[in-house]
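Report on one structure; see the data block that follows.
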Amino acid sequence: MRHTAEVERNWFRRALDNEDAPPHYRSDNDPNGAFDHVDTADVAEAFTTWRAECAQARTVVASCSDLDALGRDATRPGRPSVRWVLVHMIEEYARHNGHADLLREVIDGVVGT
């Protein structure tokens, strides 16, 4: 959840809205911070942060004129469109849900359901 909160923040706040939104969990000294330190991570906080980023993403998308509108971060190579970001996020979540399903299969042994 910490990683997906960072991804939501990056694409919607930074790329589309050009907001100066520093990362929640990673830093220059800890570039994998969203993945590391899970033994001390607060699950409720991670879900709260992710939900807040999703809500902000919906606000950013609603503020865009249409799906072909380009992100406002002119320094980002290729300036992605709203449509591109939304499709990319579907792909991102699909990948991570697949990872989670593989882990669940290893734990409970149930496959193909």
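Quick note on naming: the chains in the structure tokens go A, B, ... in the order shown, residues restart at 1 in each chain, and ligands are numbered from 1 in order of appearance.
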Fill in: Polymer residues at most 12 Å from stretch 29-45 of chain A, only C-alpha atoms, same-chain spacing of 6 or more positions, as a list in words
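Near stretch 29-45 of chain A, the qualifying residues are Met1, Arg2, His3, Thr4, Ala5, Glu6, Val7, Pro23, Arg51 and Ala52 of chain A.
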With the cut-off set at 7 Å and counting only C-alpha atoms, tabulate each residue of stretch 49-94 of chain A with an atom at most that distance from an atom of stretch 17-20 of chain A, showing the nearest atom pair and its distance in Å to one decimal, ordered by chain and increasing number, as CSV.
```
residue,atom,partner,partner_atom,distance
A:Val60,CA,A:Asp17,CA,6.6
A:Gly71,CA,A:Asp17,CA,6.4
A:Arg72,CA,A:Asn18,CA,5.2
A:Asp73,CA,A:Asn18,CA,4.6
```
Nearby residues (only C-alpha atoms) at most 12 Å from A:Gly112, same-chain spacing under 6 positions excluded, as a PDB file with C-alpha atoms, in the first residue's frame:
```
ATOM      1  CA  ASP A 101      -2.205 -13.432  -5.662  1.00  0.00           C
ATOM      2  CA  LEU A 102       1.018 -15.407  -6.179  1.00  0.00           C
ATOM      3  CA  ARG A 104      -1.506 -15.881  -1.401  1.00  0.00           C
ATOM      4  CA  GLU A 105      -1.237 -19.085  -3.444  1.00  0.00           C
TER       5      GLU A 105
END
```
Practice prompt. Based on DSSP run over this structure's backbone, return all residues of stretch 60-91 of chain A in helix (DSSP H, G or I), as a list of chain:residue names.
Written response: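 Helix (DSSP H, G or I) members of stretch 60-91 of chain A, listed: A:Val60, A:Val61, A:Ala62, A:Ser63, A:Val82, A:Arg83, A:Trp84, A:Val85, A:Leu86, A:Val87, A:His88, A:Met89, A:Ile90, A:Glu91.
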Any chance you can output those residues with N, CA and C atoms as a CSV table (one decimal), in the first residue's frame?
```csv
chain,number,residue,atom,x,y,z
A,60,VAL,N,-7.7,15.5,-9.1
A,60,VAL,CA,-6.9,16.0,-10.2
A,60,VAL,C,-7.5,15.6,-11.5
A,61,VAL,N,-8.0,14.4,-11.7
A,61,VAL,CA,-8.6,14.0,-12.9
A,61,VAL,C,-9.8,14.8,-13.2
A,62,ALA,N,-10.6,15.1,-12.2
A,62,ALA,CA,-11.8,15.9,-12.4
A,62,ALA,C,-11.5,17.3,-12.9
A,63,SER,N,-10.3,17.8,-12.5
A,63,SER,CA,-9.9,19.1,-12.9
A,63,SER,C,-9.4,19.2,-14.3
A,82,VAL,N,-3.8,12.5,-19.5
A,82,VAL,CA,-4.6,11.9,-18.4
A,82,VAL,C,-5.0,10.5,-18.8
A,83,ARG,N,-5.3,10.2,-20.0
A,83,ARG,CA,-5.7,8.9,-20.5
A,83,ARG,C,-4.5,7.9,-20.3
A,84,TRP,N,-3.3,8.3,-20.6
A,84,TRP,CA,-2.1,7.5,-20.5
A,84,TRP,C,-1.9,7.2,-19.0
A,85,VAL,N,-2.0,8.1,-18.2
A,85,VAL,CA,-1.8,7.9,-16.7
A,85,VAL,C,-2.8,6.9,-16.2
A,86,LEU,N,-4.1,7.1,-16.6
A,86,LEU,CA,-5.1,6.2,-16.1
A,86,LEU,C,-4.9,4.7,-16.5
A,87,VAL,N,-4.5,4.6,-17.8
A,87,VAL,CA,-4.2,3.2,-18.3
A,87,VAL,C,-3.0,2.7,-17.6
A,88,HIS,N,-2.0,3.5,-17.4
A,88,HIS,CA,-0.8,3.1,-16.7
A,88,HIS,C,-1.1,2.6,-15.3
A,89,MET,N,-2.0,3.3,-14.6
A,89,MET,CA,-2.4,2.9,-13.2
A,89,MET,C,-3.1,1.6,-13.2
A,90,ILE,N,-4.0,1.4,-14.2
A,90,ILE,CA,-4.6,0.1,-14.3
A,90,ILE,C,-3.6,-1.0,-14.4
A,91,GLU,N,-2.6,-0.8,-15.3
A,91,GLU,CA,-1.5,-1.8,-15.4
A,91,GLU,C,-0.7,-2.0,-14.1
```
